[in-house]
$ cat input_29.txt   # compact mmCIF, C-alpha atoms
# COMPACT_ATOMS: atom_id res chain seq x y z
CA MET G 1 -35.15 25.06 -14.99
CA SER G 2 -32.49 22.59 -16.04
CA GLU G 3 -32.07 21.48 -19.61
CA SER G 4 -32.19 17.75 -19.99
CA LEU G 5 -29.34 16.61 -22.21
CA PRO G 6 -29.87 13.39 -24.12
CA ARG G 7 -28.46 10.50 -22.09
CA ILE G 8 -25.56 8.76 -23.78
CA GLY G 9 -25.47 5.00 -23.46
CA THR G 10 -22.69 2.96 -21.86
CA PRO G 11 -19.65 2.71 -24.15
CA ARG G 12 -18.81 -0.68 -25.61
CA TRP G 13 -15.40 -0.87 -23.94
CA VAL G 14 -17.06 -0.53 -20.53
CA LYS G 15 -19.46 -3.39 -21.27
CA VAL G 16 -16.65 -5.63 -22.56
CA ALA G 17 -14.41 -4.80 -19.59
CA ALA G 18 -17.25 -5.43 -17.14
CA ILE G 19 -17.99 -8.81 -18.71
CA ILE G 20 -14.33 -9.81 -18.56
CA ALA G 21 -14.08 -8.68 -14.93
CA LEU G 22 -17.22 -10.64 -14.10
CA VAL G 23 -15.91 -13.81 -15.73
CA VAL G 24 -12.53 -13.51 -14.00
CA GLY G 25 -14.26 -12.84 -10.71
CA LEU G 26 -16.47 -15.91 -11.13
CA ILE G 27 -13.46 -18.08 -11.92
CA PHE G 28 -11.73 -16.68 -8.84
CA VAL G 29 -14.71 -17.45 -6.61
CA ILE G 30 -15.08 -20.96 -8.04
CA LEU G 31 -11.40 -21.65 -7.42
CA LEU G 32 -11.71 -20.37 -3.86
CA LEU G 33 -14.77 -22.50 -3.17
CA THR G 34 -13.27 -25.63 -4.68
CA GLY G 35 -10.02 -25.07 -2.78
CA GLY G 36 -7.93 -25.33 -5.90
CA GLY G 37 -6.98 -21.70 -6.16
CA ALA G 38 -4.52 -19.49 -4.36
CA GLY G 39 -6.16 -18.49 -1.13
CA HIS G 40 -5.08 -15.49 0.81
CA GLY G 41 -3.64 -16.16 4.17
CA PRO G 42 -1.49 -18.80 5.82
CA SER G 43 -4.49 -21.05 6.56
CA ARG G 44 -4.51 -22.45 3.03
CA HIS G 45 -1.20 -24.12 3.73
CA ALA G 46 -2.98 -26.25 6.31
CA GLN G 47 -4.87 -27.92 3.47
CA SER G 48 -1.94 -28.43 1.16
CA ASP G 49 0.60 -29.65 3.68
CA ALA G 50 -0.42 -31.00 7.06
CA ALA G 51 3.20 -31.17 8.27
CA VAL G 52 3.67 -27.49 7.62
CA ALA G 53 0.40 -26.51 9.25
CA GLY G 54 1.25 -28.46 12.40
CA SER G 55 4.58 -26.78 12.98
CA ALA G 56 4.80 -23.06 13.42
CA PRO G 57 8.06 -21.44 12.39
CA SER G 58 10.53 -22.03 15.18
CA VAL G 59 12.56 -18.97 14.32
CA SER G 60 10.83 -15.67 14.54
CA THR G 61 11.48 -13.20 11.79
CA GLU G 62 11.01 -10.26 14.10
CA HIS G 63 14.71 -9.71 14.20
CA LEU G 64 14.63 -9.35 10.45
CA VAL G 65 11.49 -7.34 9.89
CA GLN G 66 9.76 -4.69 11.90
CA GLN G 67 6.26 -4.93 10.54
CA PRO G 68 4.24 -1.74 10.41
CA MET U 69 -13.71 21.93 -4.68
CA THR U 70 -11.14 22.24 -7.48
CA MET U 71 -7.43 22.49 -6.82
CA ARG U 72 -5.39 25.39 -8.13
CA PRO U 73 -3.23 24.52 -11.17
CA GLY U 74 0.01 24.39 -9.16
CA VAL U 75 -1.46 22.12 -6.50
CA ARG U 76 -3.10 20.00 -9.18
CA LYS U 77 0.23 19.43 -10.94
CA PHE U 78 1.88 18.51 -7.66
CA ALA U 79 -0.89 16.06 -6.86
CA LEU U 80 -0.65 14.56 -10.35
CA THR U 81 3.12 14.22 -10.05
CA ALA U 82 2.75 12.48 -6.70
CA HIS U 83 0.12 10.10 -8.03
CA VAL U 84 2.14 9.18 -11.14
CA THR U 85 5.29 8.71 -9.07
CA PHE U 86 3.66 6.41 -6.52
CA SER U 87 1.65 4.47 -9.11
CA VAL U 88 4.52 3.83 -11.51
CA GLY U 89 6.77 3.16 -8.52
CA TRP U 90 4.27 0.51 -7.43
CA LEU U 91 4.42 -1.03 -10.90
CA GLY U 92 8.21 -1.08 -10.75
CA ALA U 93 8.23 -2.69 -7.31
CA VAL U 94 5.83 -5.37 -8.57
CA ALA U 95 8.10 -6.04 -11.56
CA GLY U 96 11.06 -6.51 -9.24
CA SER U 97 9.02 -8.77 -6.97
CA MET U 98 7.97 -10.83 -9.95
CA ALA U 99 11.58 -11.45 -10.91
CA ILE U 100 12.35 -12.60 -7.37
CA ALA U 101 9.25 -14.80 -7.30
CA VAL U 102 10.26 -16.49 -10.55
CA ALA U 103 13.71 -17.12 -9.13
CA ALA U 104 12.14 -18.71 -6.04
CA VAL U 105 10.15 -21.14 -8.18
CA THR U 106 12.82 -22.00 -10.73
CA SER U 107 16.04 -22.04 -8.70
CA GLN U 108 17.46 -25.35 -7.57
CA ASP U 109 19.53 -23.69 -4.86
CA PRO U 110 17.71 -23.79 -1.49
CA GLN U 111 19.60 -20.71 -0.29
CA ILE U 112 18.30 -18.68 -3.21
CA VAL U 113 14.76 -19.89 -2.57
CA ARG U 114 15.00 -18.96 1.11
CA GLY U 115 16.56 -15.61 0.33
CA ALA U 116 13.92 -14.88 -2.29
CA TYR U 117 11.07 -15.17 0.19
CA LEU U 118 12.87 -13.09 2.79
CA THR U 119 13.39 -10.44 0.13
CA LEU U 120 9.79 -10.69 -1.04
CA GLU U 121 8.52 -10.06 2.47
CA LEU U 122 10.77 -7.03 2.97
CA THR U 123 9.88 -5.66 -0.45
CA GLY U 124 6.22 -6.22 0.30
CA TRP U 125 6.08 -4.38 3.61
CA TYR U 126 8.52 -1.58 2.78
CA ALA U 127 7.78 -0.93 -0.89
CA LEU U 128 4.63 -2.56 -2.22
CA VAL U 129 2.22 -1.77 0.62
CA PRO U 130 3.32 1.89 1.12
CA LEU U 131 3.30 2.53 -2.63
CA ALA U 132 -0.11 0.89 -3.06
CA LEU U 133 -1.66 2.97 -0.29
CA ALA U 134 0.04 6.14 -1.54
CA SER U 135 -1.22 5.47 -5.07
CA LEU U 136 -4.74 4.99 -3.77
CA LEU U 137 -4.65 8.10 -1.59
CA THR U 138 -3.15 10.38 -4.24
CA GLY U 139 -5.58 8.99 -6.79
CA LEU U 140 -8.49 9.94 -4.57
CA VAL U 141 -7.04 13.43 -4.12
CA GLN U 142 -6.51 13.76 -7.86
CA SER U 143 -10.03 12.76 -8.77
CA LEU U 144 -11.88 14.61 -6.03
CA GLY U 145 -9.80 17.77 -6.49
CA THR U 146 -10.38 18.08 -10.22
CA THR U 147 -13.38 18.18 -12.52
CA TRP U 148 -12.75 14.54 -13.42
CA GLY U 149 -14.39 13.46 -10.17
CA LEU U 150 -14.40 9.96 -8.75
CA PHE U 151 -17.58 8.53 -10.27
CA ARG U 152 -18.19 10.70 -13.32
CA HIS U 153 -16.00 8.96 -15.86
CA TYR U 154 -15.78 5.22 -16.43
CA TRP U 155 -11.99 5.21 -16.82
CA VAL U 156 -11.58 6.84 -13.38
CA LEU U 157 -14.08 4.43 -11.84
CA PHE U 158 -12.32 1.42 -13.35
CA LYS U 159 -8.96 2.64 -12.08
CA LEU U 160 -10.38 3.11 -8.59
CA LEU U 161 -11.86 -0.39 -8.54
CA MET U 162 -8.67 -1.98 -9.85
CA ASN U 163 -6.55 -0.09 -7.32
CA LEU U 164 -8.83 -1.08 -4.45
CA PHE U 165 -8.86 -4.71 -5.55
CA ALA U 166 -5.08 -4.88 -5.99
CA THR U 167 -4.45 -3.19 -2.63
CA ILE U 168 -6.82 -5.50 -0.75
CA VAL U 169 -5.37 -8.62 -2.35
CA LEU U 170 -1.85 -7.36 -1.59
CA LEU U 171 -2.66 -6.79 2.09
CA LEU U 172 -4.21 -10.26 2.35
CA TYR U 173 -1.32 -11.94 0.53
CA MET U 174 1.23 -10.28 2.81
CA GLN U 175 0.00 -12.62 5.53
CA THR U 176 0.95 -15.57 3.36
CA LEU U 177 4.26 -14.00 2.43
CA SER U 178 5.12 -13.36 6.07
CA PHE U 179 4.36 -17.00 6.87
CA LEU U 180 6.49 -18.23 3.98
CA ALA U 181 9.32 -15.87 4.94
CA GLY U 182 9.20 -17.23 8.47
CA LEU U 183 9.49 -20.70 7.04
CA ALA U 184 12.38 -19.63 4.83
CA ALA U 185 14.20 -18.08 7.79
CA ASP U 186 13.87 -21.24 9.89
CA PRO U 187 17.15 -23.19 9.64
CA ALA U 188 15.40 -26.21 11.12
CA ALA U 189 12.70 -26.37 8.48
CA SER U 190 12.43 -29.77 6.87
CA ALA U 191 12.54 -30.46 3.14
CA THR U 192 8.81 -31.15 3.22
CA GLU U 193 8.13 -27.82 4.84
CA LEU U 194 10.42 -26.01 2.42
CA SER U 195 8.61 -27.60 -0.52
CA VAL U 196 5.80 -25.14 0.20
CA LEU U 197 8.18 -22.42 -0.94
CA ARG U 198 8.07 -23.94 -4.43
CA SER U 199 4.44 -22.92 -4.79
CA PRO U 200 3.91 -20.55 -7.73
CA THR U 201 1.48 -18.32 -5.80
CA ALA U 202 3.97 -15.45 -5.61
CA VAL U 203 4.41 -15.55 -9.38
CA ILE U 204 0.64 -15.65 -9.87
CA HIS U 205 0.03 -12.73 -7.53
CA THR U 206 2.77 -10.54 -8.97
CA GLY U 207 1.67 -11.41 -12.49
CA GLY U 208 -1.91 -10.46 -11.73
CA ALA U 209 -0.79 -7.22 -10.12
CA MET U 210 1.37 -6.37 -13.14
CA LEU U 211 -1.59 -6.89 -15.44
CA LEU U 212 -3.89 -4.67 -13.37
CA LEU U 213 -1.33 -1.89 -13.01
CA LEU U 214 -0.52 -1.94 -16.73
CA LEU U 215 -4.23 -1.66 -17.49
CA ALA U 216 -4.37 1.30 -15.10
CA VAL U 217 -1.51 3.00 -16.95
CA ILE U 218 -3.27 2.46 -20.28
CA LEU U 219 -6.51 3.91 -18.94
CA SER U 220 -4.64 6.90 -17.51
CA VAL U 221 -2.97 7.76 -20.80
CA TYR U 222 -5.80 7.00 -23.23
CA LYS U 223 -8.66 8.15 -20.98
CA PRO U 224 -11.33 6.40 -23.08
CA ARG U 225 -14.56 8.29 -23.42
CA GLY U 226 -17.61 7.46 -21.39
CA MET U 227 -19.45 9.24 -18.60
CA THR U 228 -21.49 7.44 -16.00
CA ALA U 229 -25.13 8.34 -15.46
CA TYR U 230 -24.04 10.29 -12.39
CA GLY U 231 -21.44 12.15 -14.43
CA GLN U 232 -23.94 13.00 -17.12
CA ARG U 233 -26.33 14.39 -14.50
CA LYS U 234 -23.60 16.55 -12.99
CA LYS U 235 -22.66 17.78 -16.44
CA ALA U 236 -26.29 18.62 -17.22
CA ASP U 237 -26.62 20.50 -13.93
CA ARG U 238 -23.45 22.47 -14.62
CA SER U 239 -24.65 23.31 -18.13
CA ALA U 240 -27.98 24.43 -16.76
CA ARG U 241 -26.29 26.67 -14.19
CA GLN U 242 -24.05 28.22 -16.85
CA HIS U 243 -27.01 28.73 -19.16
CA SER U 244 -28.98 30.30 -16.36
CA SER U 245 -26.10 32.65 -15.51
CA ALA U 246 -25.75 33.66 -19.14
CA SER U 247 -29.46 34.38 -19.41
CA HIS U 248 -29.50 36.38 -16.17
CA PRO U 249 -26.22 38.36 -15.93
CA GLN U 250 -27.26 39.97 -12.66
CA LEU U 251 -26.89 36.57 -11.02
CA LEU U 252 -23.14 36.73 -11.71
CA MET U 253 -22.87 39.54 -9.16
CA SER U 254 -23.88 37.21 -6.37
CA GLN U 255 -21.68 34.33 -7.45
CA PRO U 256 -18.24 33.91 -5.85

$ encode --input "input_29.txt" --output "structure tokens"
Amino acid sequence: MSESLPRIGTPRWVKVAAIIALVVGLIFVILLLTGGGAGHGPSRHAQSDAAVAGSAPSVSTEHLVQQP
Amino acid sequence: MTMRPGVRKFALTAHVTFSVGWLGAVAGSMAIAVAAVTSQDPQIVRGAYLTLELTGWYALVPLALASLLTGLVQSLGTTWGLFRHYWVLFKLLMNLFATIVLLLYMQTLSFLAGLAADPAASATELSVLRSPTAVIHTGGAMLLLLLAVILSVYKPRGMTAYGQRKKADRSARQHSSASHPQLLMSQP
């Protein structure tokens, strides 16, 4: 038979941190949806600069970097 | 499954080394990113992005993954657990978030480095390199990793509901063993 210890509530710092994380996350999502934020991936450059998006790098960087 | 003290110290040393190393690599990347945005010399801007890409693939990504892996070993191999304490849970979530964002941003960095390495790139194309995204990403990573360090040192109190249940179960087992000594004979 297990003893039931009184459940301790969630600490205040956890609630505050969770609220901050939620707000930051919402801002991040809004920025992504509105296209004004920093997206992740080369495709976002297609929106900001059509000239860049139309021309792929003519010089490969393979000779510089061996990607894992 | 709890690690022996010697193994636990080794795992802790590995985790601290990789995590603080990750923080250091981010700090260095941030300095390079700032130089890329503020410098008026195109050669420095080009070189900065080439350096950022190399640093990313050969320092940031390995250190991030090593920090995550050793953190999992540390939590699962000790009584702290992975989901029992809020500070551990927060560290896990921050590490996962930072690692995922890093892996996604490396695609952008590789693209920008390719642009920087192209001697035929036009001024319009190179203007993309003036974007402050690298500074924003490294700044965000610094903030998260500093928060992780603070949580690691201060270890603020607070057990999750799952942690409290596990603690209650352990207390019940210990109480039961104390009440019935003969049960100790059968325990490993």

$ interface_residues --input "input_29.txt" --of "chain U" --to "chain G" --cutoff "6 Å" --atoms "all atoms listed in the file" --output "NGL selection string"
:U and (172-173 or 175-176 or 182-183 or 186 or 193 or 226 or 240)

$ closest_residue --input "input_29.txt" --among "U:Leu91, U:Arg72, U:Leu197, U:Arg152" --to "Ala185 of chain U" --atoms "all atoms listed in the file"
U:Leu197

$ residues_around --input "input_29.txt" --residues "segment 123-130 of chain U" --least-positions-apart "2" --cutoff "9 Å" --atoms "all atoms listed in the file" --output "ChimeraX atom specification"
/G:65,67-68 /U:86,89-91,93-94,96-97,118-121,132-135,167,170-171,174,177

$ closest_residue --input "input_29.txt" --among "U:Arg238, U:Lys159, U:Arg198, U:His153" --to "Ser220 of chain U" --atoms "only C-alpha atoms"
U:Lys159

$ atom_distance --input "input_29.txt" --atom1 "atom CA of Arg225 of chain U" --atom2 "atom CA of Trp155 of chain U"
7.7 Å

$ atom_distance --input "input_29.txt" --atom1 "atom CA of Leu219 of chain U" --atom2 "atom CA of Val29 of chain G"
26.0 Å

$ atom_distance --input "input_29.txt" --atom1 "atom CA of Thr85 of chain U" --atom2 "atom CA of Leu211 of chain U"
18.2 Å

$ build_atoms --input "input_29.txt" --residues "segment 93-113 of chain U" --atoms "N, CA and C atoms" --output "tab-separated table (two decimals), in the frame of the given file"
chain	number	residue	atom	x	y	z
U	93	ALA	N	7.99	-1.79	-8.45
U	93	ALA	CA	8.23	-2.69	-7.31
U	93	ALA	C	7.62	-4.07	-7.58
U	94	VAL	N	6.46	-4.09	-8.23
U	94	VAL	CA	5.83	-5.37	-8.57
U	94	VAL	C	6.69	-6.12	-9.59
U	95	ALA	N	7.25	-5.39	-10.55
U	95	ALA	CA	8.10	-6.04	-11.56
U	95	ALA	C	9.32	-6.69	-10.89
U	96	GLY	N	9.93	-5.95	-9.96
U	96	GLY	CA	11.06	-6.51	-9.24
U	96	GLY	C	10.67	-7.73	-8.41
U	97	SER	N	9.50	-7.64	-7.77
U	97	SER	CA	9.02	-8.77	-6.97
U	97	SER	C	8.75	-9.98	-7.83
U	98	MET	N	8.26	-9.73	-9.05
U	98	MET	CA	7.97	-10.83	-9.95
U	98	MET	C	9.24	-11.57	-10.34
U	99	ALA	N	10.31	-10.82	-10.57
U	99	ALA	CA	11.58	-11.45	-10.91
U	99	ALA	C	12.07	-12.33	-9.76
U	100	ILE	N	11.93	-11.83	-8.55
U	100	ILE	CA	12.35	-12.60	-7.37
U	100	ILE	C	11.47	-13.84	-7.20
U	101	ALA	N	10.18	-13.68	-7.44
U	101	ALA	CA	9.25	-14.80	-7.30
U	101	ALA	C	9.56	-15.90	-8.31
U	102	VAL	N	9.90	-15.50	-9.52
U	102	VAL	CA	10.26	-16.49	-10.55
U	102	VAL	C	11.52	-17.24	-10.14
U	103	ALA	N	12.48	-16.49	-9.59
U	103	ALA	CA	13.71	-17.12	-9.13
U	103	ALA	C	13.42	-18.14	-8.03
U	104	ALA	N	12.48	-17.81	-7.15
U	104	ALA	CA	12.14	-18.71	-6.04
U	104	ALA	C	11.55	-20.01	-6.55
U	105	VAL	N	10.81	-19.94	-7.65
U	105	VAL	CA	10.15	-21.14	-8.18
U	105	VAL	C	11.10	-21.97	-9.03
U	106	THR	N	12.00	-21.30	-9.75
U	106	THR	CA	12.82	-22.00	-10.73
U	106	THR	C	14.20	-22.42	-10.20
U	107	SER	N	14.67	-21.75	-9.15
U	107	SER	CA	16.04	-22.04	-8.70
U	107	SER	C	16.11	-23.40	-8.01
U	108	GLN	N	17.22	-24.06	-8.22
U	108	GLN	CA	17.46	-25.35	-7.57
U	108	GLN	C	18.25	-25.18	-6.28
U	109	ASP	N	18.73	-23.98	-6.04
U	109	ASP	CA	19.53	-23.69	-4.86
U	109	ASP	C	18.61	-23.31	-3.70
U	110	PRO	N	18.60	-24.09	-2.61
U	110	PRO	CA	17.71	-23.79	-1.49
U	110	PRO	C	18.01	-22.42	-0.86
U	111	GLN	N	19.26	-22.01	-0.88
U	111	GLN	CA	19.60	-20.71	-0.29
U	111	GLN	C	18.95	-19.57	-1.07
U	112	ILE	N	18.93	-19.72	-2.39
U	112	ILE	CA	18.30	-18.68	-3.21
U	112	ILE	C	16.80	-18.65	-2.96
U	113	VAL	N	16.20	-19.82	-2.82
U	113	VAL	CA	14.76	-19.89	-2.57
U	113	VAL	C	14.43	-19.24	-1.22
